[in-house]
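Participant: The following file, work.cif, comprises mmCIF, C-alpha atoms:
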```
data_work
#
loop_
_atom_site.label_atom_id
_atom_site.label_comp_id
_atom_site.auth_asym_id
_atom_site.auth_seq_id
_atom_site.Cartn_x
_atom_site.Cartn_y
_atom_site.Cartn_z
CA MET A 1 70.07 -25.88 65.40
CA ARG A 2 69.93 -22.69 67.42
CA ARG A 3 71.84 -20.90 64.74
CA LEU A 4 69.33 -22.08 62.12
CA ILE A 5 66.40 -20.83 64.21
CA PHE A 6 68.18 -17.51 64.69
CA ILE A 7 68.74 -17.13 60.93
CA LEU A 8 65.12 -17.99 60.19
CA LEU A 9 63.98 -15.49 62.80
CA VAL A 10 66.13 -12.76 61.29
CA ILE A 11 64.77 -13.55 57.81
CA ALA A 12 61.21 -13.41 59.13
CA ILE A 13 61.84 -10.05 60.82
CA CYS A 14 63.43 -8.65 57.65
CA TRP A 15 60.50 -9.89 55.62
CA PHE A 16 58.04 -8.26 58.00
CA ALA A 17 60.03 -5.00 57.94
CA ALA A 18 60.10 -5.03 54.13
CA ASP A 19 56.35 -5.61 54.08
CA CYS A 20 55.80 -2.69 56.45
CA ALA A 21 58.00 -0.50 54.28
CA ARG A 22 56.06 -1.52 51.17
CA ALA A 23 52.77 -0.73 52.93
CA ALA A 24 53.73 2.90 52.97
CA GLU A 25 54.73 3.10 49.33
CA LEU A 26 51.37 4.23 47.93
CA GLN A 27 49.51 7.31 49.09
CA VAL A 28 46.39 8.54 47.31
CA PRO A 29 44.50 11.65 48.50
CA ALA A 30 41.08 10.92 49.94
CA ASN A 31 39.23 13.72 48.13
CA ALA A 32 39.76 13.26 44.43
CA VAL A 33 37.36 14.98 42.03
CA ALA A 34 36.70 14.05 38.40
CA GLY A 35 38.35 16.50 36.04
CA GLN A 36 40.79 17.76 38.66
CA PRO A 37 44.47 16.81 38.86
CA LEU A 38 45.52 14.16 41.33
CA SER A 39 48.87 13.64 42.98
CA ILE A 40 49.81 10.11 44.08
CA ASN A 41 52.89 9.43 46.16
CA VAL A 42 54.76 6.29 45.18
CA SER A 43 57.84 5.56 47.26
CA GLY A 44 59.17 2.85 44.97
CA GLY A 45 59.44 3.00 41.18
CA GLY A 46 57.71 0.56 38.85
CA THR A 47 54.31 0.17 37.28
CA LEU A 48 51.43 2.24 38.58
CA TYR A 49 47.94 1.07 37.72
CA LEU A 50 44.85 3.23 38.25
CA ILE A 51 41.69 1.27 37.57
CA GLY A 52 38.51 3.28 37.48
CA PRO A 53 34.89 2.56 36.60
CA GLY A 54 35.29 3.78 33.03
CA GLN A 55 39.00 3.78 32.33
CA VAL A 56 42.36 2.24 33.16
CA ILE A 57 45.64 4.12 33.46
CA LYS A 58 48.91 2.16 33.45
CA ARG A 59 52.28 3.82 33.43
CA GLU A 60 55.86 3.32 34.51
CA VAL A 61 56.74 5.70 37.32
CA LYS A 62 59.72 6.69 39.40
CA ALA A 63 59.61 7.11 43.17
CA GLY A 64 57.97 10.33 44.30
CA ASN A 65 54.83 12.21 43.37
CA VAL A 66 53.01 11.07 40.26
CA GLU A 67 50.77 13.72 38.73
CA ILE A 68 47.57 12.59 37.03
CA LYS A 69 46.10 15.31 34.82
CA GLY A 70 42.51 16.45 35.35
CA GLU A 71 41.42 15.36 31.89
CA GLU A 72 42.79 11.86 32.57
CA LEU A 73 40.68 11.44 35.68
CA ARG A 74 37.25 11.40 34.08
CA SER A 75 35.22 8.69 35.83
CA ALA A 76 33.66 9.24 39.22
CA GLY A 77 33.33 6.31 41.57
CA ARG A 78 35.49 3.60 43.06
CA TRP A 79 39.08 3.44 41.84
CA ILE A 80 41.92 1.07 42.64
CA ALA A 81 45.52 2.26 42.70
CA ILE A 82 48.17 -0.47 42.45
CA ALA A 83 51.93 -0.07 42.72
CA GLY A 84 54.27 -2.96 43.39
CA ASP A 85 52.63 -5.29 45.87
CA GLN A 86 50.47 -2.55 47.32
CA SER A 87 47.03 -1.44 46.30
CA GLN A 88 44.59 1.08 47.64
CA VAL A 89 40.95 1.82 46.96
CA PHE A 90 40.06 5.48 46.59
CA TRP A 91 37.00 7.44 45.54
CA VAL A 92 36.62 10.07 42.88
CA LYS A 93 33.67 12.41 43.29
CA PRO A 94 31.82 13.93 40.33
CA GLY A 95 32.74 17.50 39.37
CA LYS A 96 30.35 20.44 39.42
CA PRO A 97 27.09 20.12 37.46
CA GLU A 98 27.59 20.96 33.79
CA ASN A 99 25.20 18.70 31.91
CA LEU A 100 21.52 17.96 32.26
CA SER A 101 19.53 15.11 30.85
CA PHE A 102 16.01 16.52 30.63
CA LEU A 103 12.93 14.46 29.82
CA ALA A 104 9.77 16.50 29.24
CA ARG A 105 6.51 14.67 28.65
CA PRO A 106 4.21 14.77 26.82
CA SER A 107 5.21 16.74 23.74
CA ARG A 108 1.61 17.77 23.03
CA VAL A 109 -0.90 18.58 25.72
CA PRO A 110 -4.33 20.24 26.08
CA VAL A 111 -4.45 23.65 27.77
CA ALA A 112 -5.58 24.23 31.33
CA LYS A 113 -5.15 20.68 32.60
CA PRO A 114 -3.72 20.13 36.07
CA ASN A 115 -0.47 18.14 36.49
CA VAL A 116 -0.27 16.89 32.91
CA ILE A 117 3.29 17.96 32.12
CA SER A 118 6.18 16.18 33.78
CA GLY A 119 9.80 17.26 33.73
CA VAL A 120 12.57 14.92 34.91
CA THR A 121 16.18 16.06 35.07
CA PHE A 122 19.26 13.97 35.78
CA VAL A 123 22.27 16.09 36.74
CA PHE A 124 25.74 15.28 35.38
CA ASP A 125 29.18 16.82 35.49
CA LYS A 126 31.38 17.60 32.48
CA TYR A 127 32.40 13.94 32.10
CA GLN A 128 28.87 12.52 32.33
CA ASN A 129 29.18 11.42 35.94
CA MET A 130 25.88 11.68 37.77
CA VAL A 131 26.04 14.31 40.51
CA ILE A 132 24.61 12.55 43.55
CA ASP A 133 24.93 15.52 45.94
CA PRO A 134 21.76 17.66 46.19
CA THR A 135 21.72 20.31 43.46
CA PRO A 136 19.09 23.03 42.93
CA VAL A 137 17.43 22.65 39.54
CA ASN A 138 15.21 25.41 38.18
CA PHE A 139 12.24 24.47 36.00
CA LYS A 140 10.49 27.14 33.93
CA LEU A 141 7.43 26.65 31.74
CA SER A 142 6.30 29.60 29.65
CA VAL A 143 4.18 30.45 26.61
CA GLY A 144 4.72 33.80 24.91
CA GLY A 145 6.82 35.15 27.76
CA ALA A 146 4.26 34.42 30.48
CA GLY A 147 4.73 31.39 32.68
CA SER A 148 5.87 29.98 35.97
CA SER A 149 9.09 28.68 37.43
CA LYS A 150 9.92 26.37 40.29
CA ALA A 151 13.19 25.38 41.97
CA VAL A 152 13.59 21.75 42.96
CA THR A 153 16.61 20.27 44.72
CA SER A 154 17.78 17.04 43.15
CA ARG A 155 17.90 13.91 45.26
CA GLN A 156 20.38 11.21 44.34
CA GLY A 157 20.94 12.75 40.96
CA VAL A 158 17.37 13.38 39.89
CA ALA A 159 14.94 16.31 40.14
CA TRP A 160 11.40 16.26 38.83
CA ILE A 161 8.20 18.28 38.75
CA ASN A 162 4.64 17.92 37.61
CA SER A 163 3.14 21.03 36.11
CA SER A 164 -0.24 22.15 34.86
CA SER A 165 -0.60 23.35 31.31
CA ALA A 166 -1.25 27.06 30.78
CA ALA A 167 -4.62 28.47 29.69
CA LYS A 168 -3.11 29.82 26.47
CA ALA A 169 -2.41 27.54 23.52
CA GLY A 170 0.96 27.65 21.77
CA ALA A 171 4.47 26.22 21.89
CA ALA A 172 5.50 26.30 25.54
CA GLN A 173 9.19 26.57 26.36
CA PHE A 174 10.02 24.10 29.11
CA VAL A 175 13.46 24.89 30.48
CA ALA A 176 15.51 23.07 33.12
CA SER A 177 18.61 24.89 34.37
CA VAL A 178 21.43 24.50 36.86
CA ASP A 179 23.73 27.54 37.23
CA ASP A 180 24.64 28.51 33.64
CA THR A 181 23.58 25.21 32.12
CA GLU A 182 20.11 25.06 30.66
CA VAL A 183 18.22 22.63 28.47
CA LYS A 184 15.07 23.58 26.55
CA ARG A 185 12.21 21.42 25.41
CA VAL A 186 9.06 22.47 23.59
CA VAL A 187 5.68 21.30 24.78
CA GLN A 188 2.93 22.08 22.31
CA GLN A 189 -0.10 23.24 24.25
CA VAL A 190 -3.19 22.84 22.15
CA ALA A 191 -6.78 23.87 22.71
CA ALA A 192 -8.79 21.48 24.81
CA ASP A 193 -12.19 20.08 23.77
CA PRO A 194 -14.60 22.59 22.23
CA CYS A 195 -16.52 24.44 24.89
CA ARG A 196 -19.56 25.75 23.01
CA LEU A 197 -20.50 24.48 19.61
CA THR A 198 -22.93 26.56 17.55
CA MET A 199 -23.96 26.01 13.93
CA ARG A 200 -26.12 27.90 11.48
CA VAL A 201 -27.47 27.43 7.98
CA ALA A 202 -24.99 29.06 5.64
CA GLY A 203 -26.92 28.55 2.39
CA ARG A 204 -28.64 26.23 -0.05
CA THR A 205 -27.50 24.84 -3.40
CA GLY A 206 -30.18 23.02 -5.36
CA ASP A 207 -31.25 20.08 -3.27
CA ARG A 208 -28.47 20.53 -0.71
CA ILE A 209 -28.35 22.56 2.45
CA ILE A 210 -25.07 23.96 3.78
CA VAL A 211 -24.52 24.21 7.52
CA GLU A 212 -21.45 25.56 9.24
CA THR A 213 -20.26 26.18 12.76
CA GLU A 214 -19.25 29.43 14.38
CA PRO A 215 -15.48 29.52 15.07
CA VAL A 216 -14.89 26.55 17.38
CA ARG A 217 -13.07 27.43 20.60
CA ASP A 218 -12.26 25.73 23.90
CA CYS A 219 -13.38 27.05 27.28
CA SER A 220 -10.28 29.29 27.51
CA GLY A 221 -11.07 30.89 24.16
CA ASN A 222 -8.32 29.10 22.20
CA PRO A 223 -9.29 28.08 18.67
CA VAL A 224 -9.63 24.31 18.42
CA PRO A 225 -6.95 23.02 16.02
CA ASP A 226 -7.78 22.53 12.36
CA GLY A 227 -8.37 18.91 11.54
CA THR A 228 -10.55 18.24 14.58
CA ILE A 229 -13.60 16.24 13.52
CA VAL A 230 -17.06 17.76 13.87
CA THR A 231 -20.05 15.52 13.21
CA PHE A 232 -23.30 16.81 11.69
CA ILE A 233 -26.36 14.54 11.89
CA GLN A 234 -29.56 15.19 10.01
CA THR A 235 -32.68 13.22 10.96
CA ASP A 236 -35.86 13.26 8.85
CA LYS A 237 -38.58 10.86 7.79
CA SER A 238 -36.23 9.07 5.40
CA GLY A 239 -33.72 8.34 8.16
CA LYS A 240 -30.37 9.65 9.34
CA SER A 241 -27.59 11.36 7.34
CA THR A 242 -24.21 11.79 9.01
CA VAL A 243 -21.33 13.93 7.82
CA ASP A 244 -17.92 14.00 9.57
CA SER A 245 -16.21 17.25 8.75
CA ARG A 246 -12.78 18.53 9.73
CA ILE A 247 -12.37 22.02 11.11
CA LYS A 248 -10.69 24.31 8.58
CA LYS A 249 -9.58 27.78 9.62
CA GLY A 250 -11.55 27.38 12.84
CA ILE A 251 -14.85 26.47 11.17
CA ALA A 252 -16.44 23.16 10.16
CA HIS A 253 -19.07 22.93 7.48
CA ALA A 254 -21.16 20.24 5.81
CA GLU A 255 -23.56 19.79 2.92
CA LEU A 256 -26.67 17.81 3.77
CA PRO A 257 -29.62 16.72 1.61
CA ALA A 258 -32.38 19.33 1.67
CA SER A 259 -35.46 18.09 3.44
CA ASP A 260 -38.85 19.64 4.05
CA ASN A 261 -38.78 18.63 7.71
CA ALA A 262 -35.50 17.72 9.34
CA THR A 263 -33.56 18.14 12.56
CA ILE A 264 -29.81 18.76 12.39
CA THR A 265 -27.51 18.28 15.35
CA VAL A 266 -23.78 18.90 15.67
CA ALA A 267 -21.17 17.36 17.97
CA ALA A 268 -17.39 17.32 18.45
CA GLY A 269 -15.93 14.71 20.75
CA VAL A 270 -18.08 14.68 23.87
CA VAL A 271 -19.47 18.16 23.25
CA LEU A 272 -22.95 18.52 21.79
CA GLY A 273 -23.86 21.71 19.93
CA ASN A 274 -27.16 23.39 19.13
CA GLU A 275 -30.00 21.82 17.15
CA LEU A 276 -31.57 23.22 13.96
CA HIS A 277 -35.05 22.47 12.59
CA ILE A 278 -35.39 22.84 8.84
CA GLY A 279 -38.73 23.11 6.99
CA GLY A 280 -41.86 21.78 8.60
CA ARG A 281 -45.06 23.62 9.26
CA MET B 282 55.60 -47.22 51.45
CA LYS B 283 52.72 -45.79 53.45
CA LEU B 284 54.40 -42.40 53.51
CA ALA B 285 54.71 -42.48 49.72
CA ARG B 286 51.00 -43.26 49.37
CA ILE B 287 50.07 -40.36 51.64
CA LEU B 288 52.38 -38.11 49.66
CA VAL B 289 50.81 -39.14 46.34
CA LEU B 290 47.31 -38.72 47.80
CA THR B 291 48.18 -35.26 49.15
CA CYS B 292 49.59 -34.24 45.78
CA GLY B 293 46.44 -35.50 44.07
CA VAL B 294 44.17 -33.56 46.41
CA ALA B 295 46.27 -30.41 45.98
CA LEU B 296 46.11 -30.81 42.21
CA ALA B 297 42.34 -31.26 42.28
CA VAL B 298 41.89 -28.21 44.52
CA SER B 299 44.20 -26.04 42.44
CA GLY B 300 42.35 -27.01 39.27
CA GLY B 301 38.87 -26.96 40.79
CA VAL B 302 38.97 -23.59 42.50
CA PRO B 303 39.53 -21.50 39.34
CA LEU B 304 36.97 -23.65 37.56
CA LEU B 305 34.39 -23.01 40.27
CA LYS B 306 35.22 -19.31 40.23
CA ARG B 307 34.66 -19.21 36.49
CA ILE B 308 31.37 -21.05 36.85
CA PHE B 309 30.23 -18.58 39.50
CA ALA B 310 31.38 -15.67 37.35
CA ASP B 311 29.17 -16.82 34.50
CA THR B 312 26.09 -17.48 36.59
CA LYS B 313 23.54 -14.82 37.30
CA PRO B 314 24.15 -12.84 40.48
CA ALA B 315 21.56 -12.88 43.25
CA VAL B 316 19.59 -9.64 43.08
CA GLN B 317 16.82 -8.60 45.46
CA LEU B 318 14.71 -5.68 44.30
CA THR B 319 12.28 -3.70 46.42
CA VAL B 320 10.10 -1.01 44.88
CA LYS B 321 8.08 0.31 47.80
CA ASN B 322 10.20 3.47 48.08
CA ALA B 323 9.92 4.43 44.42
CA GLN B 324 8.61 7.93 43.72
CA PRO B 325 6.63 9.62 42.24
CA ARG B 326 5.03 6.69 40.45
CA GLU B 327 4.35 3.24 41.81
CA VAL B 328 6.23 0.49 40.02
CA GLU B 329 3.94 -2.00 38.30
CA ASP B 330 4.52 -5.73 38.91
CA VAL B 331 5.41 -6.33 35.27
CA THR B 332 7.95 -3.51 35.34
CA GLN B 333 9.43 -4.76 38.61
CA ASN B 334 9.97 -8.23 37.14
CA ALA B 335 11.46 -6.82 33.94
CA VAL B 336 13.81 -4.45 35.78
CA LEU B 337 14.94 -7.23 38.11
CA ARG B 338 15.62 -9.55 35.17
CA ASP B 339 17.48 -6.93 33.14
CA TYR B 340 19.52 -5.48 36.02
CA THR B 341 20.64 -9.01 36.89
CA LEU B 342 21.63 -9.59 33.26
CA ALA B 343 23.50 -6.28 33.25
CA TRP B 344 25.70 -7.38 36.16
CA GLN B 345 26.30 -10.73 34.56
CA ALA B 346 27.34 -8.82 31.44
CA ILE B 347 29.78 -6.66 33.41
CA SER B 348 31.45 -9.74 34.88
CA THR B 349 31.73 -11.42 31.49
CA ALA B 350 32.91 -8.29 29.69
CA LEU B 351 35.59 -7.37 32.24
CA GLN B 352 36.86 -10.94 32.57
CA ASN B 353 37.04 -11.66 28.84
CA ASN B 354 37.56 -8.11 27.56
CA THR B 355 34.60 -8.42 25.21
CA LEU B 356 32.09 -5.74 24.33
CA GLN B 357 29.16 -7.82 23.11
CA PRO B 358 27.58 -8.46 26.55
CA LEU B 359 27.73 -4.71 27.25
CA ASN B 360 25.99 -3.71 24.03
CA GLU B 361 23.04 -5.93 24.87
CA ASN B 362 22.46 -4.58 28.37
CA PHE B 363 23.77 -1.01 28.50
CA SER B 364 23.22 2.24 26.67
CA GLY B 365 24.25 5.88 26.91
CA PHE B 366 26.88 6.98 29.40
CA ALA B 367 27.13 3.59 31.13
CA LEU B 368 27.86 1.87 27.83
CA ASP B 369 30.44 4.51 26.86
CA LYS B 370 32.29 4.16 30.15
CA LEU B 371 32.29 0.38 30.36
CA THR B 372 33.33 0.14 26.71
CA GLN B 373 36.27 2.43 27.42
CA ARG B 374 37.18 0.36 30.48
CA VAL B 375 37.24 -2.86 28.45
CA LYS B 376 39.28 -1.21 25.67
CA ASP B 377 41.79 0.13 28.21
CA GLN B 378 42.06 -3.26 29.93
CA LYS B 379 42.69 -4.92 26.59
CA GLN B 380 45.30 -2.36 25.64
CA HIS B 381 47.18 -2.81 28.94
CA GLY B 382 46.84 -6.60 29.09
CA LEU B 383 44.63 -6.59 32.17
CA ILE B 384 41.49 -8.43 33.11
CA THR B 385 39.17 -7.94 36.06
CA ARG B 386 37.50 -10.89 37.69
CA ILE B 387 34.32 -10.02 39.57
CA ILE B 388 32.94 -12.52 42.02
CA ASP B 389 29.45 -11.24 42.60
CA ARG B 390 28.05 -12.12 46.02
CA GLY B 391 24.69 -10.42 45.54
CA HIS B 392 22.83 -7.14 45.34
CA LYS B 393 20.21 -5.49 47.52
CA VAL B 394 18.47 -3.03 45.25
CA ASP B 395 15.97 -0.32 46.08
CA ALA B 396 14.02 1.49 43.39
CA ILE B 397 14.15 5.14 44.49
CA PHE B 398 12.70 6.94 41.48
CA TYR B 399 10.27 5.93 38.76
CA SER B 400 9.45 8.68 36.29
CA PRO B 401 5.82 9.81 35.89
CA ASP B 402 5.76 8.60 32.28
CA GLY B 403 7.30 5.23 33.19
CA ALA B 404 10.30 5.74 30.91
CA ALA B 405 13.11 5.77 33.49
CA ILE B 406 13.82 4.15 36.82
CA GLU B 407 16.62 4.87 39.27
CA LEU B 408 17.98 2.14 41.52
CA LYS B 409 20.19 2.24 44.59
CA ASP B 410 22.20 -0.94 44.89
CA THR B 411 24.25 -2.28 47.78
CA ALA B 412 26.46 -4.86 46.13
CA SER B 413 28.78 -7.38 47.77
CA ILE B 414 31.59 -7.82 45.33
CA GLU B 415 34.99 -9.44 45.28
CA THR B 416 37.27 -7.84 42.72
CA GLN B 417 40.48 -9.32 41.37
CA VAL B 418 42.67 -7.47 38.91
CA LEU B 419 45.05 -9.61 36.86
CA ASP B 420 47.96 -8.48 34.72
CA GLY B 421 49.15 -11.22 32.39
CA GLY B 422 47.43 -13.84 34.51
CA LYS B 423 49.00 -12.64 37.77
CA VAL B 424 46.68 -11.29 40.45
CA ILE B 425 47.89 -7.77 41.26
CA HIS B 426 44.94 -6.73 43.40
CA SER B 427 42.16 -8.44 45.26
CA ASP B 428 39.54 -7.01 47.56
CA GLN B 429 36.10 -7.75 48.82
CA ALA B 430 33.74 -4.92 49.66
CA GLN B 431 30.19 -3.68 49.91
CA ILE B 432 29.82 -1.05 47.22
CA HIS B 433 26.93 1.35 46.71
CA TYR B 434 25.82 1.92 43.15
CA TYR B 435 23.29 4.25 41.59
CA ALA B 436 21.83 2.97 38.35
CA VAL B 437 19.42 4.62 35.94
CA MET B 438 17.61 2.26 33.59
CA THR B 439 15.49 3.27 30.64
CA GLY B 440 13.14 1.26 28.49
CA ALA B 441 14.67 0.13 25.21
CA GLU B 442 13.16 -1.83 22.33
CA ASP B 443 12.62 -5.12 24.16
CA ARG B 444 14.19 -4.65 27.58
CA TRP B 445 15.38 -2.19 30.20
CA LYS B 446 18.95 -1.04 29.67
CA VAL B 447 21.33 0.49 32.19
CA ARG B 448 22.04 4.06 31.07
CA VAL B 449 23.93 5.26 34.17
CA LEU B 450 25.92 3.11 36.61
CA GLU B 451 27.92 4.93 39.22
CA SER B 452 29.50 3.80 42.46
CA ALA B 453 29.49 6.27 45.32
CA VAL B 454 30.52 6.53 48.94
CA GLU B 455 27.48 6.14 51.17
#
```
Using the file provided, produce a representation of the structure as structure tokens.
Facilitator:
Amino acid sequence: MRRLIFILLVIAICWFAADCARAAELQVPANAVAGQPLSINVSGGGTLYLIGPGQVIKREVKAGNVEIKGEELRSAGRWIAIAGDQSQVFWVKPGKPENLSFLARPSRVPVAKPNVISGVTFVFDKYQNMVIDPTPVNFKLSVGGAGSSKAVTSRQGVAWINSSSAAKAGAAQFVASVDDTEVKRVVQQVAADPCRLTMRVAGRTGDRIIVETEPVRDCSGNPVPDGTIVTFIQTDKSGKSTVDSRIKKGIAHAELPASDNATITVAAGVVLGNELHIGGR
Amino acid sequence: MKLARILVLTCGVALAVSGGVPLLKRIFADTKPAVQLTVKNAQPREVEDVTQNAVLRDYTLAWQAISTALQNNTLQPLNENFSGFALDKLTQRVKDQKQHGLITRIIDRGHKVDAIFYSPDGAAIELKDTASIETQVLDGGKVIHSDQAQIHYYAVMTGAEDRWKVRVLESAVE
């Protein structure tokens, strides 16, 4: 009986020793980086599994250092290395910022409006891993070479700004950049509502009267885009005549029935123009 | 005689347990994980109630999809709930698992999720998730790794045609 207990004890000790030996058979460096080579020490040969968030590597290895190429280690995050009966969790950090996902809104905006343009940038490395560490992102908004820029440090992968539109209409270049990586978006800045609307009588044809506006501009002096509706309203004893006219080459015009005593008004959006009195005594 | 009865009973109980445990695990794997979402820290825009409910629903479905996809090596659940980089990576993971004869069983014990960014135009939301997850890796039906851990995830979701889809999902050391 004693002999049996002794044998069992020896077996148990051997088992424990073997377990301890196996515990040391897998060594993964603590600071792995996506896109950089990794060396894993495996003290016993067999199958090595590396299971990452976006990939799985399985290969037969011999005892010693196993080299994983940089291009094989693409996914940042939590990995599991398994060899024999041992496994170890290790972390792969994202590489340096090399890609930006840049959302610029809106694509068309009136000039001289405060905080109407938003730029949101998510920062990624070469293998599309989001770079969580703070990264300085430079935002630049310019029209015709003139503009402003602002540096924002990303937090948890994202950097954002709100910007006012410039006073000058045109296609604004909205650029987000990190080191040598830059992404461009175009924000079309268009004239705001007309600022001063003035019309005059441009002529008469038979029983029609032609009225037209002066060039229609916003308060910053930008021509209001062609296609904007301008409404002419003529009021006389027979009632009201309304003509909606689109601006063409900066000017809107309308033909109205000639009247011996009429009042003509003009409006575009919320802006009211001058008033003309035709005929009368 | 009594000893034989006890032996038979013990065997029966052992058989029931051995059959029941994997069954229960599978049932839990296919049920929706418990997800708690708070939005009070979201910047720069406040998250609307409707958006909060939709994000909670769709993030929960996304995790259910991960469990199903990694356990069955199928892509369909991923396509419905992921897009962009997250979809590319998880698709590759499933393909690699299939190629190497592996499956991953995720036993999801719940998520505490904080919305940390909501874009000014309402098109994208970033979440920080503390997930309690048990992971089992199986090769040919044999468990070769098992661990249980709290894992921090960053997720970016964007609005798609009829739901929010996970565009970025990345685990990181806190």
Participant: From the set A:Ser87, A:Gln156, A:Ser142, A:Asn129, which residue has the shortest atom-to-atom contact distance to B:Ala396, counting only C-alpha atoms?
Facilitator: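 Nearest candidate to B:Ala396 out of A:Ser87, A:Gln156, A:Ser142, A:Asn129: A:Gln156.
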Participant: Applying the PyMOL selection byres ((chain B) within 9 of (chain A)) to the file I just gave you, which residues come out? Please list them as a VMD selection string.
Facilitator: chain B and resid 325 366 to 367 369 to 378 381 397 to 398 400 to 402 407 409 418 425 to 428 432 434 to 435 449 to 454
Participant: Name the closest residue to A:Val175 among the candidates A:Val137, A:Cys195, A:Val10, A:Val201; distances are taken between atoms, counting all atoms listed in the file.
Facilitator: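 Smallest separation from A:Val175 among the options: A:Val137.
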Participant: To one decimal place in Å, what is the distance between atom CA of B:Lys313 and atom CA of B:Asp389?
Facilitator: 8.7 Å
Participant: Rank nothing, just name the residue among A:Val178, A:Val152, A:Ala63, A:Val190 nearest to A:Ser165, using all atoms listed in the file.
Facilitator: A:Val190
Participant: Might you spell out which residues the PyMOL selection byres ((chain B and resi 440) around 10) would select in the displayed file, as a list in words?
Facilitator: Thr332, Ala335, Val336, Gly403, Ala404, Ala405, Ile406, Met438, Thr439, Ala441, Glu442, Asp443, Arg444, Trp445, Lys446, Val447 and Arg448 of chain B
Participant: With C-alpha atoms retained, export the selected residues as a PDB file, in the coordinates of the input.
Facilitator:
```
ATOM      1  CA  THR B 332       7.950  -3.510  35.340  1.00  0.00           C
ATOM      2  CA  ALA B 335      11.460  -6.820  33.940  1.00  0.00           C
ATOM      3  CA  VAL B 336      13.810  -4.450  35.780  1.00  0.00           C
ATOM      4  CA  GLY B 403       7.300   5.230  33.190  1.00  0.00           C
ATOM      5  CA  ALA B 404      10.300   5.740  30.910  1.00  0.00           C
ATOM      6  CA  ALA B 405      13.110   5.770  33.490  1.00  0.00           C
ATOM      7  CA  ILE B 406      13.820   4.150  36.820  1.00  0.00           C
ATOM      8  CA  MET B 438      17.610   2.260  33.590  1.00  0.00           C
ATOM      9  CA  THR B 439      15.490   3.270  30.640  1.00  0.00           C
ATOM     10  CA  ALA B 441      14.670   0.130  25.210  1.00  0.00           C
ATOM     11  CA  GLU B 442      13.160  -1.830  22.330  1.00  0.00           C
ATOM     12  CA  ASP B 443      12.620  -5.120  24.160  1.00  0.00           C
ATOM     13  CA  ARG B 444      14.190  -4.650  27.580  1.00  0.00           C
ATOM     14  CA  TRP B 445      15.380  -2.190  30.200  1.00  0.00           C
ATOM     15  CA  LYS B 446      18.950  -1.040  29.670  1.00  0.00           C
ATOM     16  CA  VAL B 447      21.330   0.490  32.190  1.00  0.00           C
ATOM     17  CA  ARG B 448      22.040   4.060  31.070  1.00  0.00           C
TER      18      ARG B 448
END
```
Participant: For stretch 261-273 of chain A, find every residue with an atom within 8 Å (counting all atoms listed in the file), except residues of its own chain fewer than 5 positions away, and show them as JSON, numbers by chain.
Facilitator: {"A": [193, 194, 195, 196, 197, 198, 199, 228, 229, 230, 231, 232, 233, 234, 235, 236, 237, 278, 279, 280]}
